[in-house]
$ cat upload.csv   # CSV, C-alpha atoms and all ligand atoms
chain,number,residue,atom,x,y,z
F,45,MET,CA,-17.9,74.3,54.6
F,46,LEU,CA,-14.2,75.0,54.4
F,47,ILE,CA,-13.7,77.3,51.4
F,48,ASP,CA,-10.5,79.2,50.7
F,49,LYS,CA,-10.1,82.6,49.1
F,50,PHE,CA,-9.8,80.9,45.7
F,51,GLY,CA,-13.2,79.3,46.1
F,52,ARG,CA,-11.8,75.8,46.6
F,53,VAL,CA,-14.0,73.6,48.9
F,54,HIS,CA,-11.9,71.5,51.2
F,55,ASP,CA,-13.7,68.2,52.0
F,56,TYR,CA,-10.8,65.7,52.2
F,57,LEU,CA,-8.7,65.2,55.3
F,58,ARG,CA,-5.6,63.1,55.5
F,59,ILE,CA,-4.7,62.1,59.0
F,60,SER,CA,-1.2,60.8,59.8
F,61,LEU,CA,-1.2,58.3,62.7
F,62,THR,CA,2.5,58.1,63.2
F,63,GLU,CA,5.9,59.2,61.9
F,64,SER,CA,7.3,55.7,62.4
F,65,CYS,CA,7.6,53.0,59.8
F,66,ASN,CA,8.6,49.4,59.2
F,67,LEU,CA,10.4,50.4,55.9
F,68,ARG,CA,13.0,53.1,55.2
F,69,CYS,CA,12.2,54.2,51.6
F,70,LYS,CA,15.0,56.5,50.5
F,71,TYR,CA,12.6,59.0,48.8
F,72,CYS,CA,10.5,59.5,51.9
F,73,MET,CA,12.7,59.1,55.0
F,74,PRO,CA,16.0,61.0,55.5
F,75,GLU,CA,19.0,58.7,55.9
F,76,ASP,CA,19.7,59.9,59.5
F,77,TYR,CA,16.0,59.8,60.5
F,78,ILE,CA,15.4,58.6,64.1
F,79,PHE,CA,11.9,57.3,64.9
F,80,PRO,CA,10.1,58.8,67.8
F,81,ALA,CA,9.4,56.7,70.8
F,82,SER,CA,6.5,54.3,70.2
F,83,LEU,CA,3.6,56.6,71.1
F,84,PRO,CA,4.9,60.0,72.2
F,85,LYS,CA,2.8,62.3,74.3
F,86,HIS,CA,2.8,64.9,71.6
F,87,TYR,CA,1.0,62.6,69.3
F,88,MET,CA,-2.8,62.7,69.1
F,89,SER,CA,-4.3,59.9,71.1
F,90,ALA,CA,-7.0,57.7,69.5
F,91,ASP,CA,-9.7,59.7,71.2
F,92,GLU,CA,-8.2,63.0,70.2
F,93,ILE,CA,-8.1,61.8,66.5
F,94,ASP,CA,-11.8,60.9,66.8
F,95,ARG,CA,-12.7,64.3,68.3
F,96,ILE,CA,-10.8,66.2,65.7
F,97,ALA,CA,-12.2,64.1,62.9
F,98,LYS,CA,-15.7,64.8,64.1
F,99,ILE,CA,-15.0,68.5,64.1
F,100,PHE,CA,-13.8,68.3,60.5
F,101,ILE,CA,-16.8,66.2,59.5
F,102,ASP,CA,-19.1,68.9,60.9
F,103,LEU,CA,-17.1,71.4,58.8
F,104,GLY,CA,-17.9,69.5,55.6
F,105,ILE,CA,-15.2,66.8,55.3
F,106,ASN,CA,-16.6,63.8,53.5
F,107,LYS,CA,-13.4,61.7,53.0
F,108,ILE,CA,-10.7,60.7,55.5
F,109,ARG,CA,-7.5,59.0,54.7
F,110,LEU,CA,-5.3,57.4,57.3
F,111,THR,CA,-1.6,57.6,56.5
F,112,GLY,CA,1.8,58.1,58.1
F,113,GLY,CA,4.6,57.0,58.4
F,114,GLU,CA,3.1,53.5,58.2
F,115,PRO,CA,-0.3,53.8,59.8
F,116,LEU,CA,-0.6,50.1,60.6
F,117,VAL,CA,2.5,50.1,62.9
F,118,ARG,CA,0.6,52.2,65.4
F,119,LYS,CA,-0.3,49.9,68.3
F,120,ASP,CA,-3.8,51.3,68.6
F,121,ALA,CA,-4.5,51.4,64.9
F,122,LYS,CA,-7.4,48.9,65.2
F,123,HIS,CA,-9.0,51.0,67.9
F,124,ILE,CA,-8.7,54.1,65.7
F,125,PHE,CA,-10.4,52.2,62.9
F,126,GLU,CA,-13.2,51.2,65.2
F,127,LEU,CA,-13.7,54.7,66.4
F,128,LEU,CA,-13.7,56.2,62.9
F,129,SER,CA,-15.9,53.5,61.4
F,130,LYS,CA,-19.0,55.1,63.0
F,131,TYR,CA,-18.6,57.9,60.4
F,132,SER,CA,-18.4,55.5,57.5
F,133,SER,CA,-21.3,53.4,58.5
F,134,LEU,CA,-24.3,53.4,56.1
F,135,GLU,CA,-26.6,52.3,58.9
F,136,LEU,CA,-25.9,55.3,61.0
F,137,ASN,CA,-25.4,58.1,58.5
F,138,ASP,CA,-27.3,59.4,55.5
F,139,ASN,CA,-24.1,60.5,53.9
F,140,PRO,CA,-21.4,58.3,55.3
F,141,ILE,CA,-17.9,59.6,54.9
F,142,LYS,CA,-15.4,57.6,52.8
F,143,LEU,CA,-12.7,56.1,55.0
F,144,THR,CA,-9.5,55.1,53.3
F,145,ILE,CA,-5.9,54.3,54.0
F,146,THR,CA,-2.5,54.5,52.4
F,147,THR,CA,-0.2,51.7,53.5
F,148,ASN,CA,3.0,49.9,52.5
F,149,GLY,CA,1.0,46.7,52.9
F,150,ILE,CA,3.3,44.7,55.2
F,151,LEU,CA,0.8,44.3,58.0
F,152,VAL,CA,-2.4,44.2,55.9
F,153,HIS,CA,-3.1,40.5,56.6
F,154,GLN,CA,-3.6,41.4,60.3
F,155,PHE,CA,-6.2,44.1,59.4
F,156,ILE,CA,-8.4,42.5,56.8
F,157,ASP,CA,-11.3,42.0,59.1
F,158,VAL,CA,-10.8,45.4,60.7
F,159,PHE,CA,-10.9,47.0,57.2
F,160,LYS,CA,-14.1,45.1,56.4
F,161,LYS,CA,-15.8,46.1,59.6
F,162,ALA,CA,-14.8,49.7,59.2
F,163,ASN,CA,-16.4,49.8,55.7
F,164,LEU,CA,-13.1,50.9,54.2
F,165,HIS,CA,-13.7,52.4,50.8
F,166,SER,CA,-10.4,51.6,49.1
F,167,VAL,CA,-6.8,50.8,50.0
F,168,ASN,CA,-3.8,52.6,48.5
F,169,LEU,CA,-0.9,50.2,48.6
F,170,SER,CA,2.6,51.4,47.9
F,171,LEU,CA,5.0,49.3,45.8
F,172,ASP,CA,7.7,50.8,43.6
F,173,THR,CA,9.2,47.7,42.1
F,174,LEU,CA,8.3,44.1,41.1
F,175,MET,CA,11.8,42.9,41.8
F,176,PRO,CA,12.6,41.6,45.3
F,177,ASP,CA,16.3,42.8,45.2
F,178,ARG,CA,15.3,46.2,44.1
F,179,PHE,CA,12.6,46.4,46.7
F,180,GLU,CA,15.3,45.8,49.4
F,181,ALA,CA,17.5,48.5,47.8
F,182,ILE,CA,14.7,51.1,47.8
F,183,THR,CA,13.2,50.3,51.2
F,184,LYS,CA,16.2,48.8,53.0
F,185,ARG,CA,14.0,45.9,54.2
F,186,ASN,CA,13.2,42.5,52.8
F,187,TYR,CA,9.4,42.5,52.7
F,188,PHE,CA,8.7,42.2,49.0
F,189,HIS,CA,6.8,38.9,49.1
F,190,LYS,CA,4.7,40.0,52.1
F,191,VAL,CA,3.6,43.1,50.3
F,192,LEU,CA,2.8,41.2,47.1
F,193,SER,CA,0.8,38.5,48.9
F,194,ASN,CA,-1.1,41.2,50.8
F,195,MET,CA,-2.0,42.9,47.6
F,196,HIS,CA,-3.6,39.7,46.4
F,197,LEU,CA,-5.3,39.2,49.8
F,198,LEU,CA,-6.9,42.6,49.4
F,199,LEU,CA,-8.1,41.8,45.8
F,200,GLN,CA,-9.4,38.4,46.9
F,201,ASN,CA,-11.4,40.3,49.6
F,202,ASN,CA,-12.8,42.6,46.9
F,203,PHE,CA,-11.2,45.8,48.1
F,204,HIS,CA,-10.7,48.6,45.5
F,205,VAL,CA,-6.8,48.6,45.4
F,206,LYS,CA,-4.8,51.4,44.1
F,207,LEU,CA,-1.1,50.6,43.7
F,208,ASN,CA,1.1,53.7,44.3
F,209,VAL,CA,4.4,53.6,42.4
F,210,VAL,CA,6.9,56.5,42.8
F,211,ALA,CA,8.5,56.7,39.4
F,212,MET,CA,12.2,57.5,39.6
F,213,LYS,CA,14.7,57.7,36.8
F,214,GLY,CA,17.5,55.2,37.1
F,215,VAL,CA,15.6,53.4,39.8
F,216,ASN,CA,12.4,51.8,38.5
F,217,ASP,CA,11.8,53.5,35.1
F,218,ASP,CA,12.4,50.2,33.3
F,219,GLU,CA,9.4,48.7,35.1
F,220,LEU,CA,6.6,50.9,33.8
F,221,THR,CA,5.4,48.4,31.3
F,222,ASP,CA,5.6,45.5,33.9
F,223,PHE,CA,3.3,47.4,36.2
F,224,ILE,CA,0.9,48.2,33.4
F,225,GLN,CA,1.0,44.5,32.5
F,226,LEU,CA,-0.2,43.7,36.0
F,227,THR,CA,-3.5,45.3,35.2
F,228,ARG,CA,-4.2,42.7,32.5
F,229,ASP,CA,-5.3,40.0,34.9
F,230,PHE,CA,-6.0,41.9,38.1
F,231,PRO,CA,-8.5,44.7,38.8
F,232,LEU,CA,-5.7,46.9,40.1
F,233,HIS,CA,-5.4,50.6,39.7
F,234,VAL,CA,-1.7,51.4,39.2
F,235,ARG,CA,-0.8,55.1,39.8
F,236,PHE,CA,2.6,56.4,38.8
F,237,ILE,CA,3.6,59.3,41.0
F,238,GLU,CA,6.2,61.9,40.0
F,239,PHE,CA,9.0,61.9,42.5
F,240,MET,CA,8.6,65.0,44.8
F,241,PRO,CA,11.2,66.9,46.8
F,242,PHE,CA,11.1,66.8,50.6
F,243,GLN,CA,13.7,67.5,53.3
F,244,GLY,CA,16.5,64.9,53.2
F,245,ASN,CA,15.3,62.8,50.2
F,246,GLU,CA,18.0,63.7,47.7
F,247,TRP,CA,15.6,64.8,45.1
F,248,ASN,CA,16.9,66.3,42.0
F,249,LYS,CA,15.4,67.2,38.6
F,250,ASN,CA,17.3,64.4,36.9
F,251,LYS,CA,15.5,61.7,38.9
F,252,LEU,CA,12.1,63.0,37.8
F,253,ILE,CA,10.3,61.2,35.0
F,254,SER,CA,7.7,63.5,33.6
F,255,PHE,CA,4.1,62.5,32.7
F,256,LYS,CA,4.9,63.0,29.0
F,257,GLU,CA,7.9,60.6,29.0
F,258,MET,CA,5.9,57.9,30.9
F,259,PHE,CA,2.9,58.3,28.6
F,260,ASP,CA,4.9,58.2,25.4
F,261,HIS,CA,6.7,55.1,26.7
F,262,ALA,CA,3.4,53.3,27.7
F,263,SER,CA,1.7,54.2,24.4
F,264,HIS,CA,4.6,52.7,22.5
F,265,TYR,CA,3.8,49.2,24.0
F,266,PHE,CA,0.0,49.3,24.6
F,267,GLU,CA,-3.2,50.3,23.0
F,268,ILE,CA,-4.3,52.9,25.5
F,269,VAL,CA,-7.6,54.7,26.1
F,270,ALA,CA,-8.1,57.7,28.3
F,271,LEU,CA,-10.7,57.4,31.1
F,272,GLU,CA,-12.9,60.2,32.4
F,273,ASN,CA,-11.6,61.9,35.5
F,274,GLU,CA,-13.8,62.6,38.5
F,275,LYS,CA,-13.8,66.0,40.2
F,276,HIS,CA,-10.7,66.5,42.4
F,277,ASP,CA,-8.9,63.5,40.7
F,278,THR,CA,-5.2,64.1,41.0
F,279,ALA,CA,-4.6,61.3,38.6
F,280,LYS,CA,-4.9,61.2,34.8
F,281,LYS,CA,-6.5,57.8,34.2
F,282,PHE,CA,-6.0,55.3,31.4
F,283,LYS,CA,-6.7,51.7,30.5
F,284,VAL,CA,-5.2,49.3,28.1
F,285,LEU,CA,-7.9,47.9,25.9
F,286,GLY,CA,-9.0,44.5,27.3
F,287,HIS,CA,-7.2,44.8,30.6
F,288,GLU,CA,-9.1,44.3,34.0
F,289,GLY,CA,-7.5,47.2,35.8
F,290,THR,CA,-6.4,50.8,35.0
F,291,PHE,CA,-3.3,52.9,35.3
F,292,ALA,CA,-2.8,56.6,36.0
F,293,PHE,CA,-0.2,59.3,36.4
F,294,ILE,CA,-0.1,61.8,39.3
F,295,ASN,CA,1.8,64.8,37.9
F,296,THR,CA,2.4,66.9,41.0
F,297,MET,CA,5.6,68.3,39.6
F,298,SER,CA,5.0,68.7,35.8
F,299,GLU,CA,1.3,69.6,35.9
F,300,PRO,CA,0.4,70.7,39.4
F,301,PHE,CA,-3.3,70.2,40.2
F,302,CYS,CA,-3.4,72.9,42.9
F,303,SER,CA,-6.3,74.8,41.2
F,304,ASP,CA,-8.7,72.0,42.2
F,305,CYS,CA,-7.2,71.1,45.6
F,306,ASN,CA,-9.6,69.9,48.2
F,307,ARG,CA,-7.0,68.4,50.7
F,308,ILE,CA,-6.1,69.2,54.3
F,309,ARG,CA,-3.5,67.3,56.3
F,310,LEU,CA,-3.2,66.6,59.9
F,311,THR,CA,0.2,65.5,61.2
F,312,ALA,CA,0.6,62.8,63.9
F,313,ASP,CA,1.4,65.5,66.4
F,314,GLY,CA,-1.8,67.4,65.6
F,315,LYS,CA,-0.5,70.1,63.3
F,316,LEU,CA,-2.8,71.3,60.5
F,317,LYS,CA,-1.0,71.6,57.1
F,318,ASN,CA,-3.2,73.3,54.5
F,319,CYS,CA,-0.9,72.1,51.7
F,320,LEU,CA,1.6,69.3,51.3
F,321,PHE,CA,4.3,71.9,50.5
F,322,SER,CA,3.3,74.6,53.1
F,323,LYS,CA,6.1,75.6,55.4
F,324,GLY,CA,3.7,76.8,58.0
F,325,GLU,CA,1.5,74.6,60.3
F,326,ILE,CA,-1.2,75.4,62.8
F,327,ASP,CA,-1.2,73.5,66.1
F,328,LEU,CA,-4.6,72.1,66.8
F,329,LEU,CA,-3.7,69.6,69.5
F,330,THR,CA,-2.5,72.0,72.2
F,331,PRO,CA,-5.6,74.2,72.0
F,332,LEU,CA,-7.8,71.1,71.9
F,333,ARG,CA,-6.1,69.8,75.1
F,334,ASN,CA,-6.6,73.2,76.7
F,335,GLY,CA,-10.4,73.0,76.0
F,336,GLU,CA,-10.3,75.8,73.4
F,337,ASP,CA,-12.4,75.9,70.3
F,338,ILE,CA,-10.2,74.9,67.3
F,339,ILE,CA,-12.8,75.7,64.6
F,340,PRO,CA,-11.6,79.3,64.1
F,341,LEU,CA,-8.0,78.0,63.8
F,342,ILE,CA,-9.1,75.6,61.1
F,343,VAL,CA,-11.1,78.2,59.2
F,344,SER,CA,-8.4,80.8,59.2
F,345,SER,CA,-5.8,78.2,58.1
F,346,ILE,CA,-7.9,77.3,55.1
F,347,GLU,CA,-8.7,80.9,54.3
F,348,GLY,CA,-4.9,81.7,54.3
F,349,LYS,CA,-4.0,78.8,51.9
F,350,HIS,CA,-1.7,79.8,49.1
F,351,GLN,CA,-2.8,79.3,45.5
F,352,LYS,CA,-0.1,76.9,44.5
F,353,TRP,CA,2.6,74.7,46.1
F,354,GLY,CA,2.2,76.2,49.6
F,355,GLY,CA,3.3,79.6,48.3
F,356,GLN,CA,6.8,78.4,47.3
F,357,GLU,CA,7.7,79.9,43.9
F,358,LEU,CA,11.1,78.4,43.7
F,359,PHE,CA,10.9,74.8,44.6
F,360,ASP,CA,12.6,75.2,47.9
F,361,HIS,CA,11.8,72.1,50.0
F,362,SER,CA,14.4,72.7,52.7
F,363,GLU,CA,11.9,74.3,55.1
F,364,ASN,CA,9.3,71.7,54.9
F,365,ARG,CA,9.1,68.5,56.9
F,366,SER,CA,10.3,65.2,55.4
F,367,MET,CA,7.5,63.2,53.8
F,368,ILE,CA,7.4,60.6,56.5
F,369,ALA,CA,6.8,63.4,59.1
F,370,ILE,CA,4.0,65.0,57.1
F,371,GLY,CA,1.9,62.0,56.1
F,372,GLY,CA,1.7,61.4,52.4
F,401,LIG,N1,3.7,54.2,54.6
F,401,LIG,C1,2.6,54.3,53.8
F,401,LIG,C2,2.9,54.0,52.4
F,401,LIG,O1,4.1,53.9,52.0
F,401,LIG,O2,2.0,53.8,51.6
F,401,LIG,C3,1.9,55.7,53.9
F,401,LIG,C4,2.8,56.9,54.0
F,401,LIG,S1,3.7,57.3,52.5
F,401,LIG,C5,4.5,58.8,53.0
F,401,LIG,C6,2.4,57.8,51.4
F,401,LIG,C7,2.7,57.8,50.0
F,401,LIG,O3,3.6,58.8,49.7
F,401,LIG,C8,3.3,56.5,49.4
F,401,LIG,O4,2.6,56.1,48.3
F,401,LIG,C9,4.7,56.9,49.0
F,401,LIG,O5,5.1,56.2,47.9
F,401,LIG,C10,4.5,58.4,48.7
F,401,LIG,N2,5.7,59.2,48.7
F,401,LIG,C11,6.6,59.3,49.7
F,401,LIG,N3,7.6,60.1,49.4
F,401,LIG,C12,7.4,60.5,48.2
F,401,LIG,C13,8.1,61.4,47.3
F,401,LIG,N4,9.2,62.0,47.6
F,401,LIG,N5,7.5,61.6,46.0
F,401,LIG,C14,6.4,61.0,45.7
F,401,LIG,N6,5.6,60.2,46.5
F,401,LIG,C15,6.2,60.0,47.7
F,402,LIG,FE1,7.5,54.2,55.2
F,402,LIG,FE2,5.6,54.7,53.4
F,402,LIG,FE3,7.7,56.4,53.8
F,402,LIG,FE4,8.2,54.1,52.7
F,402,LIG,S1,6.9,55.7,51.8
F,402,LIG,S2,9.3,55.0,54.4
F,402,LIG,S3,6.7,52.8,53.7
F,402,LIG,S4,6.1,56.0,55.2
$ encode --input "upload.csv" --output "structure tokens" --more "lines below"
Ligand code: SAM
Ligand code: SF4
Amino acid sequence: MLIDKFGRVHDYLRISLTESCNLRCKYCMPEDYIFPASLPKHYMSADEIDRIAKIFIDLGINKIRLTGGEPLVRKDAKHIFELLSKYSSLELNDNPIKLTITTNGILVHQFIDVFKKANLHSVNLSLDTLMPDRFEAITKRNYFHKVLSNMHLLLQNNFHVKLNVVAMKGVNDDELTDFIQLTRDFPLHVRFIEFMPFQGNEWNKNKLISFKEMFDHASHYFEIVALENEKHDTAKKFKVLGHEGTFAFINTMSEPFCSDCNRIRLTADGKLKNCLFSKGEIDLLTPLRNGEDIIPLIVSSIEGKHQKWGGQELFDHSENRSMIAIGG
């Protein structure tokens, strides 16, 4: 098992498939960001992703999330699902790993059957506004209706859908109740995420809406009950009485959940990040390609993990990658 010096067991791996995307969300991608060529040599190949995933599973990982950039723009995304689905198969494993994805939803209709075959546990879909014009202002692309119809397609196909909403003051803070209202008729799980600072995303404190502000606002309009949290839950969960779905707050900034962290990140170019905010990274891909054993590198990276926020006391995000290059 991968245990750090604070006793935290790391059993959740997030793998970024690409740094490219079909949207350009302001809060994630720097304005002057240039996409890498379609599948650069320094990216992990599908087979390398499979080999590294297996090594992590042998070290105790029981949940894998595919992310990016937009994971579904990668040309061999279907093949990667096929390769990883052997770990999530009930027929083959006593303890199948949970395979999940975070996506902006634009290409979901092309992957529904792939998701089913891969026994996908749940789908996190990102959507920050319910207004088409505002969607275009945030993402610089006109795909609102595609995302919304794919959200419904996932629900019709009985996927557990979590809707990720980055809450930003002056951008979408007036839509909090509209998102909660969506949970009335649909079994959706809306998650309001506090806006986090990354390289080039123009974060400042004034754009942050804290959990308390959001909670007070929601309680003013709805009769809310708190739900029980599971271990390692990063979200504080709630439900409006009588609603089908739930909503939650992910308070990375105002109430960091580092003390219970179980996450490891692997970037598309095969670098291990032991924390979303860590400045340092460990290259796993080069040694893997050289035929070296990467297990000692993984173990020492986890052992060296900082207690909180990647060891950054002052919230200095200038030496971290941008979110799109990390894999959210
Ligand atoms: N393209 C996919 C998507 O948008 O769902 C996956 C990658 S994206 C980087 C993963 C998640 O990170 C999304 O839910 C996105 O909203 C969130 N995210 C990106 N930048 C963020 C920021 N600065 N603060 C909070 N969440 C952020
Ligand atoms: Fe692309 Fe997702 Fe980042 Fe938006 S949040 S730019 S969809 S990777």
$ residues_around --input "upload.csv" --residues "range 217-223 of chain F" --least-positions-apart "3" --cutoff "8 Å" --atoms "only C-alpha atoms" --output "list of chain:residue names"
F:Thr173, F:Leu174, F:Ala211, F:Met212, F:Lys213, F:Gly214, F:Leu226, F:Thr227, F:Val234, F:Ile253, F:Met258, F:Ala262, F:Tyr265
$ residues_near_ligand --input "upload.csv" --ligand "ligand LIG 401 (chain F)" --cutoff "9 Å" --atoms "only C-alpha atoms and all ligand atoms" --output "count of residues only"
51
$ closest_residue --input "upload.csv" --among "F:Phe50, F:Phe155, F:Phe266, F:Phe259" --to "Cys305 in chain F" --atoms "all atoms listed in the file"
F:Phe50
$ closest_residue --input "upload.csv" --among "F:Lys323, F:Glu336, F:Leu232, F:Lys190" --to "Asn202 in chain F" --atoms "all atoms listed in the file"
F:Leu232
$ residues_near_point --input "upload.csv" --point "(-21.0, 56.7, 62.4)" --cutoff "12 Å" --atoms "only C-alpha atoms" --output "number ranges by chain"
F: 94, 97-98, 101, 125-143, 162-163
$ residues_around --input "upload.csv" --residues "range 312-321 of chain F" --least-positions-apart "6" --cutoff "6 Å" --atoms "only C-alpha atoms" --output "VMD selection string"
chain F and resid 60 to 62 86 to 88 327 to 329 353 to 354
$ atom_distance --input "upload.csv" --atom1 "CA of Arg365 in chain F" --atom2 "CA of Val343 in chain F"
22.5 Å
$ closest_residue --input "upload.csv" --among "F:Ile182, F:Val284, F:Leu46, F:Ile99" --to "ligand LIG 402 (chain F)" --atoms "all atoms listed in the file"
F:Ile182
$ residues_around --input "upload.csv" --residues "Glu274 in chain F" --least-positions-apart "6" --cutoff "12 Å" --atoms "only C-alpha atoms" --output "JSON, numbers by chain"
{"F": [280, 281, 304]}
